[in-house]
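Shown here: model.tsv, TSV, C-alpha atoms and all ligand atoms.
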```
chain	number	residue	atom	x	y	z
A	1	ALA	CA	3.52	-6.80	-3.11
A	2	LEU	CA	3.86	-10.53	-3.63
A	3	TYR	CA	7.34	-11.99	-3.06
A	4	SER	CA	9.25	-14.50	-5.09
A	5	THR	CA	10.67	-17.36	-3.04
A	6	ARG	CA	14.33	-16.42	-3.66
A	7	GLN	CA	15.08	-14.43	-0.49
A	8	MET	CA	12.69	-16.55	1.56
A	9	LEU	CA	14.39	-19.83	0.76
A	10	LEU	CA	17.94	-18.46	0.93
A	11	ASP	CA	17.21	-17.03	4.39
A	12	ALA	CA	15.72	-20.36	5.47
A	13	GLN	CA	18.78	-22.17	4.14
A	14	ALA	CA	21.17	-19.81	5.94
A	15	ASN	CA	19.27	-20.12	9.22
A	16	GLN	CA	18.27	-23.81	9.24
A	17	TYR	CA	14.50	-23.60	9.05
A	18	ALA	CA	11.90	-24.16	6.32
A	19	VAL	CA	9.20	-21.91	4.89
A	20	PRO	CA	5.84	-23.67	4.96
A	21	ALA	CA	3.87	-23.80	1.69
A	22	PHE	CA	0.17	-24.32	2.35
A	23	ASN	CA	-2.25	-25.18	-0.44
A	24	ILE	CA	-5.14	-22.72	-0.43
A	25	HIS	CA	-8.40	-22.71	-2.38
A	26	ASN	CA	-10.45	-19.63	-1.67
A	27	LEU	CA	-10.71	-16.43	0.35
A	28	GLU	CA	-11.30	-18.29	3.61
A	29	THR	CA	-8.23	-20.50	3.37
A	30	VAL	CA	-5.97	-17.65	2.19
A	31	ARG	CA	-7.04	-15.54	5.16
A	32	VAL	CA	-6.52	-18.33	7.67
A	33	VAL	CA	-3.01	-18.96	6.36
A	34	VAL	CA	-1.82	-15.34	6.16
A	35	GLU	CA	-3.45	-14.23	9.41
A	36	THR	CA	-1.95	-17.15	11.34
A	37	ALA	CA	1.46	-16.59	9.72
A	38	ALA	CA	1.27	-12.86	10.52
A	39	GLU	CA	0.50	-13.62	14.20
A	40	MET	CA	3.51	-15.91	14.32
A	41	ARG	CA	5.78	-13.62	12.27
A	42	SER	CA	6.47	-16.35	9.71
A	43	PRO	CA	7.19	-15.91	6.01
A	44	ILE	CA	4.58	-17.86	4.08
A	45	ILE	CA	3.95	-19.48	0.71
A	46	LEU	CA	0.40	-19.80	-0.62
A	47	ALA	CA	0.34	-22.70	-3.07
A	48	GLY	CA	-2.18	-23.18	-5.85
A	49	THR	CA	-2.38	-26.20	-8.17
A	50	PRO	CA	-3.84	-25.79	-11.67
A	51	GLY	CA	-7.08	-27.24	-10.26
A	52	THR	CA	-7.16	-24.56	-7.57
A	53	ILE	CA	-6.36	-21.75	-9.98
A	54	SER	CA	-9.24	-22.72	-12.24
A	55	TYR	CA	-11.57	-23.34	-9.27
A	56	ALA	CA	-10.90	-19.98	-7.63
A	57	GLY	CA	-10.38	-18.05	-10.85
A	58	ALA	CA	-6.85	-16.86	-11.61
A	59	ARG	CA	-7.54	-13.14	-11.38
A	60	TYR	CA	-9.57	-13.49	-8.19
A	61	LEU	CA	-6.87	-15.59	-6.54
A	62	VAL	CA	-4.01	-13.30	-7.57
A	63	ALA	CA	-5.97	-10.25	-6.38
A	64	ILE	CA	-6.75	-11.91	-3.03
A	65	ALA	CA	-3.09	-12.86	-2.50
A	66	GLN	CA	-1.91	-9.38	-3.51
A	67	THR	CA	-4.36	-7.79	-1.09
A	68	ALA	CA	-3.13	-10.13	1.68
A	69	SER	CA	0.43	-9.01	0.96
A	70	GLU	CA	-0.60	-5.35	1.31
A	71	ILE	CA	-2.45	-5.93	4.59
A	72	HIS	CA	0.29	-7.96	6.32
A	73	ASP	CA	3.94	-6.98	6.79
A	74	ILE	CA	5.33	-10.48	6.38
A	75	PRO	CA	6.80	-11.94	3.17
A	76	ILE	CA	3.97	-13.64	1.25
A	77	ALA	CA	4.45	-15.58	-1.99
A	78	LEU	CA	1.73	-16.93	-4.23
A	79	HIS	CA	3.30	-20.04	-5.74
A	80	LEU	CA	2.07	-22.12	-8.68
A	81	ASP	CA	2.17	-25.73	-7.45
A	82	HIS	CA	2.59	-28.66	-9.90
A	83	HIS	CA	2.07	-26.70	-13.10
A	84	GLU	CA	3.03	-28.71	-16.14
A	85	SER	CA	3.58	-26.31	-19.02
A	86	LEU	CA	4.92	-22.88	-19.85
A	87	GLY	CA	1.59	-22.22	-21.53
A	88	ALA	CA	-0.25	-22.57	-18.21
A	89	ILE	CA	2.37	-20.60	-16.29
A	90	LYS	CA	2.89	-17.58	-18.58
A	91	PRO	CA	-0.46	-15.83	-18.07
A	92	LEU	CA	-0.14	-16.20	-14.31
A	93	ILE	CA	3.35	-14.66	-14.28
A	94	ASP	CA	1.92	-11.86	-16.39
A	95	MET	CA	-0.76	-11.37	-13.70
A	96	GLY	CA	1.86	-10.94	-10.97
A	97	VAL	CA	2.72	-14.42	-9.65
A	98	LYS	CA	6.42	-14.44	-8.62
A	99	SER	CA	7.05	-18.11	-7.81
A	100	VAL	CA	6.28	-21.19	-9.87
A	101	MET	CA	6.79	-24.93	-9.91
A	102	ILE	CA	7.17	-26.57	-13.31
A	103	ASP	CA	6.58	-30.26	-12.77
A	104	GLY	CA	8.11	-32.25	-15.61
A	105	SER	CA	8.86	-35.19	-13.32
A	106	HIS	CA	6.70	-37.61	-15.32
A	107	HIS	CA	8.86	-37.03	-18.42
A	108	ASP	CA	12.26	-38.59	-18.99
A	109	PHE	CA	15.36	-36.75	-17.77
A	110	GLU	CA	16.20	-34.88	-21.00
A	111	GLU	CA	12.60	-33.86	-21.68
A	112	ASN	CA	12.18	-32.72	-18.06
A	113	ILE	CA	15.30	-30.53	-18.49
A	114	ARG	CA	14.02	-29.10	-21.78
A	115	ILE	CA	10.62	-28.12	-20.33
A	116	VAL	CA	12.11	-26.68	-17.15
A	117	ARG	CA	14.73	-24.60	-19.03
A	118	GLU	CA	11.98	-22.96	-21.07
A	119	VAL	CA	10.15	-21.92	-17.91
A	120	VAL	CA	13.36	-20.73	-16.21
A	121	GLN	CA	14.16	-18.47	-19.18
A	122	TYR	CA	10.72	-16.87	-19.13
A	123	ALA	CA	10.56	-16.63	-15.34
A	124	HIS	CA	14.04	-15.31	-14.60
A	125	ALA	CA	13.62	-12.52	-17.16
A	126	ARG	CA	10.72	-11.37	-14.95
A	127	ASP	CA	12.34	-11.91	-11.53
A	128	VAL	CA	10.23	-15.00	-10.88
A	129	THR	CA	11.66	-18.04	-9.08
A	130	VAL	CA	11.32	-21.61	-10.36
A	131	GLU	CA	11.04	-24.93	-8.55
A	132	ALA	CA	11.23	-28.21	-10.45
A	133	GLU	CA	11.03	-31.87	-9.47
A	134	LEU	CA	13.32	-34.77	-10.19
A	135	GLY	CA	12.12	-38.25	-9.30
A	136	ARG	CA	8.47	-38.86	-8.60
A	137	LEU	CA	6.22	-38.80	-5.58
A	138	GLY	CA	3.56	-41.45	-5.04
A	139	GLY	CA	-0.09	-40.64	-4.38
A	140	GLN	CA	-2.42	-38.19	-6.00
A	141	GLU	CA	-2.20	-34.41	-6.41
A	142	ASP	CA	-5.38	-33.34	-8.15
A	143	ASP	CA	-5.35	-35.06	-11.56
A	144	LEU	CA	-1.78	-36.30	-11.32
A	145	ILE	CA	-1.78	-39.93	-10.19
A	146	VAL	CA	1.39	-41.91	-9.63
A	147	ASP	CA	1.26	-45.51	-8.50
A	148	GLU	CA	3.13	-45.55	-5.19
A	149	LYS	CA	5.22	-48.48	-6.34
A	150	ASP	CA	6.28	-46.62	-9.46
A	151	ALA	CA	7.48	-43.63	-7.49
A	152	LEU	CA	11.10	-43.09	-8.38
A	153	TYR	CA	13.45	-41.56	-5.86
A	154	THR	CA	15.70	-38.66	-6.82
A	155	ASN	CA	19.15	-39.72	-7.99
A	156	PRO	CA	21.77	-37.44	-6.32
A	157	ALA	CA	24.18	-37.25	-9.27
A	158	GLN	CA	21.31	-36.51	-11.64
A	159	ALA	CA	20.03	-33.87	-9.22
A	160	ALA	CA	23.30	-31.96	-9.47
A	161	GLU	CA	23.25	-32.14	-13.26
A	162	PHE	CA	19.57	-31.18	-13.37
A	163	ILE	CA	20.08	-28.05	-11.27
A	164	GLU	CA	23.18	-27.10	-13.25
A	165	ARG	CA	21.57	-27.49	-16.66
A	166	THR	CA	18.18	-25.95	-15.85
A	167	GLY	CA	19.23	-23.03	-13.64
A	168	ILE	CA	16.31	-23.66	-11.24
A	169	ASP	CA	16.12	-21.87	-7.89
A	170	SER	CA	14.93	-24.85	-5.85
A	171	LEU	CA	14.61	-28.62	-6.28
A	172	ALA	CA	11.71	-30.82	-5.18
A	173	VAL	CA	13.12	-34.19	-4.14
A	174	ALA	CA	11.48	-37.61	-4.04
A	175	ILE	CA	12.76	-39.38	-0.92
A	176	GLY	CA	9.78	-41.50	0.06
A	177	THR	CA	6.98	-39.01	0.67
A	178	ALA	CA	3.68	-39.20	-1.21
A	179	HIS	CA	0.84	-36.78	-1.77
A	180	GLY	CA	-2.10	-37.35	0.55
A	181	MET	CA	-2.13	-39.45	3.71
A	182	TYR	CA	-0.32	-42.79	3.99
A	183	LYS	CA	-1.78	-46.28	4.05
A	184	SER	CA	1.31	-47.57	5.82
A	185	GLU	CA	4.03	-45.81	7.83
A	186	PRO	CA	6.13	-43.73	5.38
A	187	LYS	CA	9.86	-44.46	5.38
A	188	LEU	CA	11.97	-41.51	4.33
A	189	ASP	CA	15.36	-42.03	2.72
A	190	PHE	CA	17.43	-39.59	4.80
A	191	GLU	CA	20.71	-40.95	3.45
A	192	ARG	CA	19.63	-40.11	-0.06
A	193	LEU	CA	18.65	-36.62	1.05
A	194	ALA	CA	22.06	-36.15	2.69
A	195	GLU	CA	23.75	-37.30	-0.51
A	196	ILE	CA	21.68	-34.88	-2.59
A	197	ARG	CA	22.63	-32.09	-0.19
A	198	ASN	CA	26.31	-33.03	-0.45
A	199	VAL	CA	26.42	-32.65	-4.22
A	200	THR	CA	24.08	-29.62	-4.66
A	201	THR	CA	23.59	-26.14	-3.21
A	202	ALA	CA	20.05	-25.13	-4.28
A	203	PRO	CA	17.31	-24.97	-1.62
A	204	LEU	CA	15.47	-28.32	-1.45
A	205	VAL	CA	11.70	-28.80	-1.27
A	206	LEU	CA	9.71	-31.52	0.49
A	207	HIS	CA	6.38	-32.39	-1.13
A	208	GLY	CA	3.77	-34.62	0.44
A	209	ALA	CA	4.38	-33.54	4.03
A	210	SER	CA	0.84	-34.41	5.18
A	211	GLY	CA	1.12	-37.56	7.27
A	212	ILE	CA	4.87	-37.21	7.91
A	213	SER	CA	5.75	-36.97	11.60
A	214	THR	CA	7.17	-33.75	13.02
A	215	PRO	CA	10.53	-35.37	13.94
A	216	ASP	CA	10.87	-36.73	10.39
A	217	VAL	CA	10.09	-33.36	8.80
A	218	ARG	CA	12.55	-31.66	11.17
A	219	ARG	CA	15.24	-34.15	10.18
A	220	THR	CA	14.69	-33.28	6.49
A	221	ILE	CA	15.08	-29.59	7.40
A	222	GLU	CA	18.38	-30.36	9.14
A	223	LEU	CA	19.41	-32.09	5.93
A	224	GLY	CA	18.67	-29.13	3.65
A	225	VAL	CA	14.91	-28.90	3.07
A	226	THR	CA	13.86	-25.22	3.04
A	227	LYS	CA	10.25	-25.47	1.85
A	228	VAL	CA	7.68	-27.92	3.22
A	229	ASN	CA	4.43	-28.48	1.28
A	230	VAL	CA	1.27	-29.27	3.22
A	231	ALA	CA	-2.11	-29.71	1.55
A	232	THR	CA	-4.19	-32.74	2.56
A	233	GLU	CA	-4.00	-32.41	6.35
A	234	LEU	CA	-5.40	-28.88	6.12
A	235	LYS	CA	-8.31	-30.01	3.95
A	236	ILE	CA	-9.11	-32.80	6.41
A	237	ALA	CA	-8.97	-30.49	9.44
A	238	PHE	CA	-11.24	-27.95	7.76
A	239	SER	CA	-13.81	-30.36	6.33
A	240	ASP	CA	-14.02	-32.57	9.45
A	241	LYS	CA	-15.14	-29.60	11.52
A	242	VAL	CA	-17.64	-28.42	8.92
A	243	LYS	CA	-19.11	-31.95	8.80
A	244	GLU	CA	-19.38	-31.99	12.60
A	245	TYR	CA	-21.07	-28.62	12.52
A	246	PHE	CA	-23.69	-29.81	10.04
A	247	LEU	CA	-24.30	-33.00	12.02
A	248	ALA	CA	-24.93	-30.91	15.14
A	249	ASN	CA	-26.84	-28.24	13.20
A	250	PRO	CA	-28.66	-29.92	10.31
A	251	GLU	CA	-30.67	-26.78	9.58
A	252	ALA	CA	-27.59	-24.56	9.25
A	253	ASN	CA	-27.27	-22.56	6.03
A	254	ASP	CA	-25.11	-19.54	6.87
A	255	PRO	CA	-21.52	-19.80	5.59
A	256	ARG	CA	-20.51	-17.16	8.14
A	257	LYS	CA	-21.40	-19.75	10.78
A	258	TYR	CA	-20.65	-23.17	9.29
A	259	MET	CA	-17.22	-22.15	7.92
A	260	GLU	CA	-15.95	-20.87	11.29
A	261	PRO	CA	-15.19	-24.24	12.96
A	262	GLY	CA	-13.32	-25.30	9.81
A	263	LYS	CA	-11.26	-22.12	9.78
A	264	ASP	CA	-10.41	-22.45	13.49
A	265	ALA	CA	-9.27	-26.07	13.04
A	266	MET	CA	-7.19	-25.11	10.02
A	267	ALA	CA	-5.58	-22.22	11.96
A	268	ALA	CA	-4.64	-24.55	14.84
A	269	LEU	CA	-3.00	-26.99	12.44
A	270	ILE	CA	-1.14	-24.20	10.65
A	271	ARG	CA	0.29	-23.06	14.00
A	272	GLU	CA	1.59	-26.61	14.52
A	273	LYS	CA	3.09	-26.77	11.05
A	274	ILE	CA	4.78	-23.36	11.39
A	275	ASP	CA	6.29	-24.58	14.68
A	276	MET	CA	7.40	-27.77	12.94
A	277	CYS	CA	9.14	-25.72	10.23
A	278	GLY	CA	10.79	-23.40	12.75
A	279	SER	CA	9.70	-20.41	10.67
A	280	SER	CA	8.05	-18.28	13.39
A	281	ASN	CA	9.70	-15.01	14.46
A	282	ARG	CA	11.83	-14.93	11.31
A	283	VAL	CA	10.39	-11.62	10.04
B	1	LIG	P1	0.25	-33.40	0.96
B	1	LIG	O1	-1.14	-33.31	0.44
B	1	LIG	O2	0.70	-34.78	1.27
B	1	LIG	O3	0.45	-32.46	2.13
B	1	LIG	O4	1.22	-32.87	-0.20
B	1	LIG	C1	1.21	-31.50	-0.52
B	1	LIG	C2	2.06	-31.16	-1.69
B	1	LIG	O5	3.08	-31.75	-1.97
B	1	LIG	C3	1.62	-30.02	-2.52
B	1	LIG	O6	2.44	-29.83	-3.63
B	2	ZN	ZN	3.39	-31.66	-4.29
B	3	NA	NA	1.53	-36.79	2.24
```
Take the structure in this file and express it as structure tokens.
Amino acid sequence: ALYSTRQMLLDAQANQYAVPAFNIHNLETVRVVVETAAEMRSPIILAGTPGTISYAGARYLVAIAQTASEIHDIPIALHLDHHESLGAIKPLIDMGVKSVMIDGSHHDFEENIRIVREVVQYAHARDVTVEAELGRLGGQEDDLIVDEKDALYTNPAQAAEFIERTGIDSLAVAIGTAHGMYKSEPKLDFERLAEIRNVTTAPLVLHGASGISTPDVRRTIELGVTKVNVATELKIAFSDKVKEYFLANPEANDPRKYMEPGKDAMAALIREKIDMCGSSNRV
């Protein structure tokens, strides 16, 4: 059965590693993620944005993830990434999703708390874990665009109050990462992260990990990050190899052939990211 992220993230917190959350889109990408994680004995989070859920079809995606969790004896969570309303989340919880992010980060503090509390009440009554975000990431995640200059970093004192008043299970922090790749070298605010860690106890989540160096991600894990979100780098690895394949084989038309190089490249990158997170051989 699908897991929530409660035990996963508490184990990661207790043992100083992070569980990788990979954004998936279809049967191919789900299989690459879970099969690679199973080889490496890593717990794994499959993340789906609202755009992905509607692209893949909610019932198809839930059924695929549930089947993956029956085939493989590692903890697998299907996690709703950057969902923005209880209305969007409810039907998916009712279908069997056990882990959700409610992203109210574009609202003011009090409204963010109000929206998140609503989701926490619904979710916790059904043994579902909730992640929320305070502060804002730059870049673009599907339809959500934030000007990089307007990105607001998480305030540590507010973070403590936010966790306390919402009852969330994990907190996504804004410390200088952005969704997508970076135009200039990203500078992470490790001091801020350390301060947040000092005044809170909930597992912390790093969004926007594509384009962040392995040493920088590892440093965030040392400072309390227990879930690392990777989306864009996987899409690039997959699509680059499919493009190469079509350039070399312009007559190709068989998905069983042209998808393979993309899947292999994605698997290789996932191995690297699992190593980066230190999550292999944890199950
Ligand atoms: P990247 O696309 O930068 O890896 O960000 C992923 C993410 O935060 C998904 O929620
Ligand atoms: Zn994100
Ligand atoms: Na990024």
Q | Residue neighbourhood Pro186 (chain A), 10 Å, only C-alpha atoms, exclusion window fewer than 5 positions, as a list in words | A |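 Neighbouring residues, sequence-local ones excluded: Gly176, Thr177, Ala178, Met181, Gly211, Ile212, Ser213 and Asp216 of chain A.
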(Q) Is it possible to get the residues within 12 Å of (3.0, -37.1, 4.0) (coordinates as in the file, counting all atoms listed in the file) written as a ChimeraX atom specification? (A) /A:137-141,174-188,206-214,216-217,228-234
Q. Pick from A:Val242, A:Ala172, A:Ala58, A:Ala252: nearest to ligand LIG 1 (chain B), with all atoms listed in the file counted?
A.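 Ranked by minimum distance to ligand LIG 1 (chain B), first place goes to A:Ala172.
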Dump as JSON lines the rows for residues of region 155-194 of chain A within 8 Å of region 99-123 of chain A: closest atom pair and distance in Å with one decimal, all atoms listed in the file counted, ordered by chain and rising residue number.
```
{"residue": "A:Phe162", "atom": "CA", "partner": "A:Ile113", "partner_atom": "CA", "distance": 6.7}
{"residue": "A:Arg165", "atom": "CA", "partner": "A:Ile113", "partner_atom": "CA", "distance": 7.2}
{"residue": "A:Thr166", "atom": "CA", "partner": "A:Arg117", "partner_atom": "CA", "distance": 4.9}
{"residue": "A:Gly167", "atom": "CA", "partner": "A:Val120", "partner_atom": "CA", "distance": 6.8}
{"residue": "A:Ile168", "atom": "CA", "partner": "A:Val120", "partner_atom": "CA", "distance": 6.5}
```
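Atom pair atom O2 of ligand LIG 1 (chain B) / CA of Ala202 (chain A) has a distance of 22.3 Å (rounded to one decimal).
For the choices A:Glu35, A:Glu28, A:Glu195, A:Glu222, the atom-to-atom distance to Ile74 (chain A) is smallest for A:Glu35 when using only C-alpha atoms.
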Q. Quick one, how far is CA of Ile53 (chain A) from CA of Leu152 (chain A)?
A.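 Computing it gives 27.6 Å between the two atoms.
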Q | Separation of CA of Thr226 (chain A) from CA of His83 (chain A), in Å and rounded to one decimal | A |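 We find that CA of Thr226 (chain A) and CA of His83 (chain A) lie 20.0 Å from each other.
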(Q) My list of candidates is A:Arg282, A:Arg31, A:Lys235, A:Lys241. Which is closest to ligand LIG 1 (chain B) when distances are computed with all atoms listed in the file? (A)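 For ligand LIG 1 (chain B), the nearest of the candidates is A:Lys235.
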